[in-house]
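*Asks:* Sharing a structure, written as structure tokens. Questions coming.
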Amino acid sequence: MTLSDSDLMYLLTLLRSSEQPMSTEQLVQALKDRSGS
Amino acid sequence: MQTEQTAPTLDLAGNKNQKELARRLFRVFEAQGRFFSSNAPIRITLAQLTEFMQQQEPGNANWSKDISSALSASKAVFAKEEYEGEVAFVTSRSGRLPGDVVGPDQAHTLGKRFATPEPKRVIPPTRKLAPSRSTPSYIDSPLTATEPSLSRSFPNLSAGDSYVVVPTTLPTVVDLPVQVEAEVEIEVEDTLVAVDDEPIVARPTASATAAIDIATAGDADITDAVRESLGQEMSVARWGDLWMMEERVQRFSRGDLRRIEDFLREQGGSTTDEEIVQDILGVRENAGDYAGSRFALNYRLSRETREFEYIGTDMAGVWSLSNQPSIGTTRRKPSEIGQDYRFLIDYRTPDEGLEEGIIEHILSFYEYTYGVLPLDANLATLLPKAGFADQRAARVTFESPQTGETIVTELRFPTGNRGGFVAGLDQFYADNLVPGAVLTIERTDRSNHFLLEYFQVSGEDRKLLHLDERKVKYAFRSTTYYCATQDDFLLSEGRFPKLADVKPLDDRARRRPEQVVQATFERIGDNSGSADLPSFSASFGDLLAAANVERPISSEYLRDILTSGTYPEFSADDSSEDVYVYQPAT
């Protein structure tokens with residue numbers, strides 16, 4: 001299983017705007033928040 | 001050209017003093033993030049804000065409380081975060097919460113423009129090419145699914161359209177493109193057309209490109225998908241379970257690396273990333289960029305494999321100088337032990353009903369002899385993961401409450417054809433335990449430190465199996481031991497008298513588990529056949545204990561060998577419960 005291009009781009013944008021490392025857990029939560037689930 | 005820069009309109013709330021304070025502090029955030037994009041999060045801890053205000057106006061002893069209430073009141077501008085007990089506030093240069101931007105307002109983000117609608121990716125025309133020659137085997141085709149940046153998306157070519165297709169063989173550019181016909185105009189039909197009998201663009205299978213639906217998928221699946229997808233991105237740096245854009249990861253000079261190398265030498269060859277960050281890079285633990293500095297240190301040093309080796313875990317960074325001696329027995333090479341444990345790669349389901357954070361393990365003869373523990377499915381629930389995908393080993397310590405000693409061991413991670421194991425316990429085993437001893441391994445609050453306990457009993461004397469290294473034979477010796485054992489794994493003379501004076505199998509036979517099982521039947525089984533047509537029978541428990549003298553074989557693996565039908569010489573004895581028969585092929 002992989003992320004859709006849209007989700008992946010979203011994470012890359014998120015990482016690009018972050019000065020600190022982000023955990024997988026934070027990224028998963030960000031995806032869930034974005035999808036409203 | 002000059003552009004006008006307007007101050008953002010702040011939607012502040014609270015009383016007059018709180019609004020005024022929030023406005024003042026917003027300017028601090030602006031200064032902190034002056035080079036950020038307008039929607040990037042700017043994060044400052046409450047402690048840092050308090051320190052700033054105390055410098056400005058030392059008379060107020062309640063700055064922390066005032067700042068917290070002022071910023072918390074303006075929820076449209078500031079978001080409060082708490083991480084490991086530290087409070088921080090976040091906003092952006094636009095005066096809005098960063099989440100407002102990455103949430104609904106995505107009309108003009110790069111990601112949105114790339115992804116909606118998903119563009120057709122047509123292979124661009126290339127330079128004129130000479131007749132192609134075959135691609136050398138050491139060069140991957142640029143269109144293979146293994147190439148990271150292309151592997152996740154392929155064009156959907158519709159029938160009837162016209163496309164330019166580039167041969168997948170290595171082109172040769174020539175000066176005079178006369179007589180050269182490298183671009184081939186083809187009509188895409190229902191099936192993809194190949195040139196030189198090679199598929200141009202392999203239509204990916206559904207499973208290879210199946211994108212996860214975040215709205216319906218579970219957390220575990222999303223987590224796997226995030227790791228899988230980001231792991232393929234060359235622009236993303238990873239350490240353990242942390243991610244960062246590679247371009248944002250701090251870089252170190254050659255001088256920094258030299259100082260780190262010298263520091264490691266002073267520390268006896270290894271030290272933690274935290275000590276390096278604090279002592280060499282001068283970043284304090286409570287500094288805002290501490291986490292980023294740790295990440296940068298671990299990521300950048302992992303690229304300097306000539307000087308440094310990572311021996312930490314996914315959560316605890318530990319570095320050593322490269323080419324340090326490995327920990328563990330010298331009787332058998334680590335690579336050979338890894339091959340002995342190869343079967344563990346196929347058996348990954350932990351036992352049901354495991355207690356959280358603690359496992360029980362019965363020490364086998366093989367483990368006792370080489371001072372190892374198998375990284376089986378049960379132990380894998382406790383032991384840490386690797387910090388990097390290509391990491392060879394991690395330093396893990398075990399503390400024995402009974403003896404008061406701490407044993408430094410090496411956790412060898414599984415590779416493609418080798419199983420994982422913990423090495424370096426040989427002396428502890430020899431001093432305190434016997435094969436068959438019951439061990440418990442318990443997690444602590446440190447990810448690379450564990451408790452290793454055994455049950456102490458009053459001394460017991462038995463004749464137990466040993467390997468006489470001088471004569472290279474197994475022998476029974478009187479042994480007094482003070483640890484609780486499980487009788488099924490105890491190799492006593494009364495149980496296996498025929499093992500006395502038996503020579504160990506040679507390495508070629510040891511590498512083949514079925515040959516080890518055959519030899520074990522012959523060594524311990526009852527022969528109910530004749531000398532010409534032998535038929536050995538033995539109970540499963542006896543086979544398991546005695547087969548583990550030569551090589552590691554788990555209970556599940558042994559049962560598969562005996563019952564899978566792959567080896568017809570083994571069969572179940574229908575007349576007795578859990579007894580198996582070995583009839584050598586004639």
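The chains in the structure tokens are called A, B, ... from first to last as shown; in each chain the residues are counted from 1, and the ligands are counted from 1 in the order shown.
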What are the residues of chain A lining chain B at 6 Å or less? Count only C-alpha atoms, and put the answer as a ChimeraX atom specification.
*Replies:* /A:1-4,6,9-10,15-17,20-24,34-35,37
*Asks:* Only N, CA and C atoms, please: the residues just picked out, written as a JSON list (two decimals), in the first residue's frame.
*Replies:*
[["chain", "number", "residue", "atom", "x", "y", "z"],
["A", 1, "MET", "N", 0.83, -1.20, 0.00],
["A", 1, "MET", "CA", 0.00, 0.00, 0.00],
["A", 1, "MET", "C", 0.87, 1.26, 0.00],
["A", 2, "THR", "N", 0.49, 2.20, -0.81],
["A", 2, "THR", "CA", 1.21, 3.47, -0.82],
["A", 2, "THR", "C", 0.20, 4.61, -0.70],
["A", 3, "LEU", "N", 0.71, 5.81, -0.55],
["A", 3, "LEU", "CA", -0.16, 6.98, -0.49],
["A", 3, "LEU", "C", -0.52, 7.41, -1.91],
["A", 4, "SER", "N", -1.66, 8.04, -2.05],
["A", 4, "SER", "CA", -2.00, 8.61, -3.35],
["A", 4, "SER", "C", -1.06, 9.79, -3.59],
["A", 6, "SER", "N", -1.75, 12.73, -4.27],
["A", 6, "SER", "CA", -2.26, 13.93, -3.58],
["A", 6, "SER", "C", -1.83, 13.91, -2.10],
["A", 9, "MET", "N", 1.97, 14.44, -1.87],
["A", 9, "MET", "CA", 2.32, 15.85, -2.08],
["A", 9, "MET", "C", 2.00, 16.67, -0.83],
["A", 10, "TYR", "N", 0.90, 16.33, -0.22],
["A", 10, "TYR", "CA", 0.50, 17.05, 1.00],
["A", 10, "TYR", "C", 1.57, 16.86, 2.09],
["A", 15, "LEU", "N", 6.23, 18.64, 5.27],
["A", 15, "LEU", "CA", 7.62, 18.49, 5.69],
["A", 15, "LEU", "C", 8.46, 19.69, 5.25],
["A", 16, "ARG", "N", 8.14, 20.19, 4.06],
["A", 16, "ARG", "CA", 8.92, 21.32, 3.55],
["A", 16, "ARG", "C", 8.74, 22.55, 4.44],
["A", 17, "SER", "N", 7.58, 22.65, 5.05],
["A", 17, "SER", "CA", 7.31, 23.84, 5.86],
["A", 17, "SER", "C", 7.73, 23.65, 7.32],
["A", 20, "GLN", "N", 11.55, 21.29, 12.01],
["A", 20, "GLN", "CA", 11.90, 20.19, 12.89],
["A", 20, "GLN", "C", 11.46, 18.87, 12.26],
["A", 21, "PRO", "N", 12.12, 17.78, 12.61],
["A", 21, "PRO", "CA", 11.67, 16.49, 12.07],
["A", 21, "PRO", "C", 10.26, 16.16, 12.55],
["A", 22, "MET", "N", 9.54, 15.45, 11.72],
["A", 22, "MET", "CA", 8.17, 15.04, 12.09],
["A", 22, "MET", "C", 8.13, 13.52, 12.17],
["A", 23, "SER", "N", 7.38, 13.03, 13.14],
["A", 23, "SER", "CA", 7.29, 11.58, 13.30],
["A", 23, "SER", "C", 6.23, 11.02, 12.37],
["A", 24, "THR", "N", 6.33, 9.72, 12.12],
["A", 24, "THR", "CA", 5.32, 9.06, 11.29],
["A", 24, "THR", "C", 3.94, 9.26, 11.90],
["A", 34, "ARG", "N", -6.72, 15.95, 7.67],
["A", 34, "ARG", "CA", -7.03, 16.52, 6.36],
["A", 34, "ARG", "C", -8.24, 15.83, 5.73],
["A", 35, "SER", "N", -8.32, 14.53, 5.92],
["A", 35, "SER", "CA", -9.43, 13.81, 5.29],
["A", 35, "SER", "C", -10.70, 13.89, 6.14],
["A", 37, "SER", "N", -11.18, 12.22, 8.87],
["A", 37, "SER", "CA", -11.52, 10.93, 9.51],
["A", 37, "SER", "C", -11.03, 10.90, 10.95]]
*Asks:* If we count only C-alpha atoms and set the cut-off at 12 Å, which residues sit around segment 53-55 of chain B, ignoring sequence neighbours fewer than 4 positions away in its own chain? Please answer as a PyMOL selection string.
*Replies:* chain B and resi 21-22+24-25+28+46-49+59-67
*Asks:* With C-alpha atoms retained, could you export that selection as a PDB file, in the first residue's frame?
*Replies:*
ATOM      1  CA  LEU B  21       0.575  41.559  24.806  1.00  0.00           C
ATOM      2  CA  ALA B  22      -0.458  39.167  22.040  1.00  0.00           C
ATOM      3  CA  ARG B  24       3.747  42.463  20.933  1.00  0.00           C
ATOM      4  CA  LEU B  25       4.494  38.773  21.002  1.00  0.00           C
ATOM      5  CA  VAL B  28       8.515  38.235  18.158  1.00  0.00           C
ATOM      6  CA  LEU B  46       6.424  29.468  26.461  1.00  0.00           C
ATOM      7  CA  ALA B  47       9.731  29.394  28.331  1.00  0.00           C
ATOM      8  CA  GLN B  48      11.448  31.302  25.522  1.00  0.00           C
ATOM      9  CA  LEU B  49       8.654  33.886  25.347  1.00  0.00           C
ATOM     10  CA  GLY B  59       9.341  43.853  36.977  1.00  0.00           C
ATOM     11  CA  ASN B  60       6.586  41.341  36.233  1.00  0.00           C
ATOM     12  CA  ALA B  61       7.008  37.989  38.003  1.00  0.00           C
ATOM     13  CA  ASN B  62       4.003  36.425  36.278  1.00  0.00           C
ATOM     14  CA  TRP B  63       5.027  36.698  32.649  1.00  0.00           C
ATOM     15  CA  SER B  64       4.586  32.990  32.025  1.00  0.00           C
ATOM     16  CA  LYS B  65       0.981  33.047  33.221  1.00  0.00           C
ATOM     17  CA  ASP B  66       0.186  36.348  31.460  1.00  0.00           C
ATOM     18  CA  ILE B  67       1.669  35.182  28.168  1.00  0.00           C
TER      19      ILE B  67
END
*Asks:* So how many Å separate atom CA of Glu275 of chain B and atom CA of Gly312 of chain B, to one decimal?
*Replies:* 13.3 Å
*Asks:* Please report the interatomic distance between atom CA of Phe536 of chain B and atom CA of Glu522 of chain B in Å with one decimal.
*Replies:*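 Value for the atom CA of Phe536 of chain B-atom CA of Glu522 of chain B distance: 6.6 Å.
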*Asks:* Just give me the gap between atom CA of Ala73 of chain B and atom CA of Gln26 of chain A in Å, one decimal is fine.
*Replies:*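 Distance between the two atoms: 25.3 Å.
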*Asks:* Taking the DSSP assignment computed from this structure's backbone, write out as JSON, numbers by chain all residues of segment 201-433 of chain B that belong to alpha helix (DSSP H).
*Replies:* {"B": [206, 207, 208, 209, 219, 220, 221, 222, 223, 224, 225, 226, 227, 228, 229, 230, 231, 254, 255, 256, 257, 258, 259, 260, 261, 262, 263, 264, 265, 266, 273, 274, 275, 290, 291, 292, 293, 294, 295, 296, 297, 298, 299, 300, 301, 334, 335, 336, 337, 338, 339, 340, 365, 366, 367, 368, 369, 370, 377, 378, 379, 380, 426, 427, 428, 429, 430, 431, 432]}
*Asks:* In segment 238-442 of chain B, what's strand (DSSP E or B) per DSSP? Answer as an NGL selection string?
*Replies:* :B and (238-239 or 242-245 or 270-272 or 308-310 or 318-321 or 358-362 or 372-374 or 393-399 or 406-412 or 421-423 or 437-442)
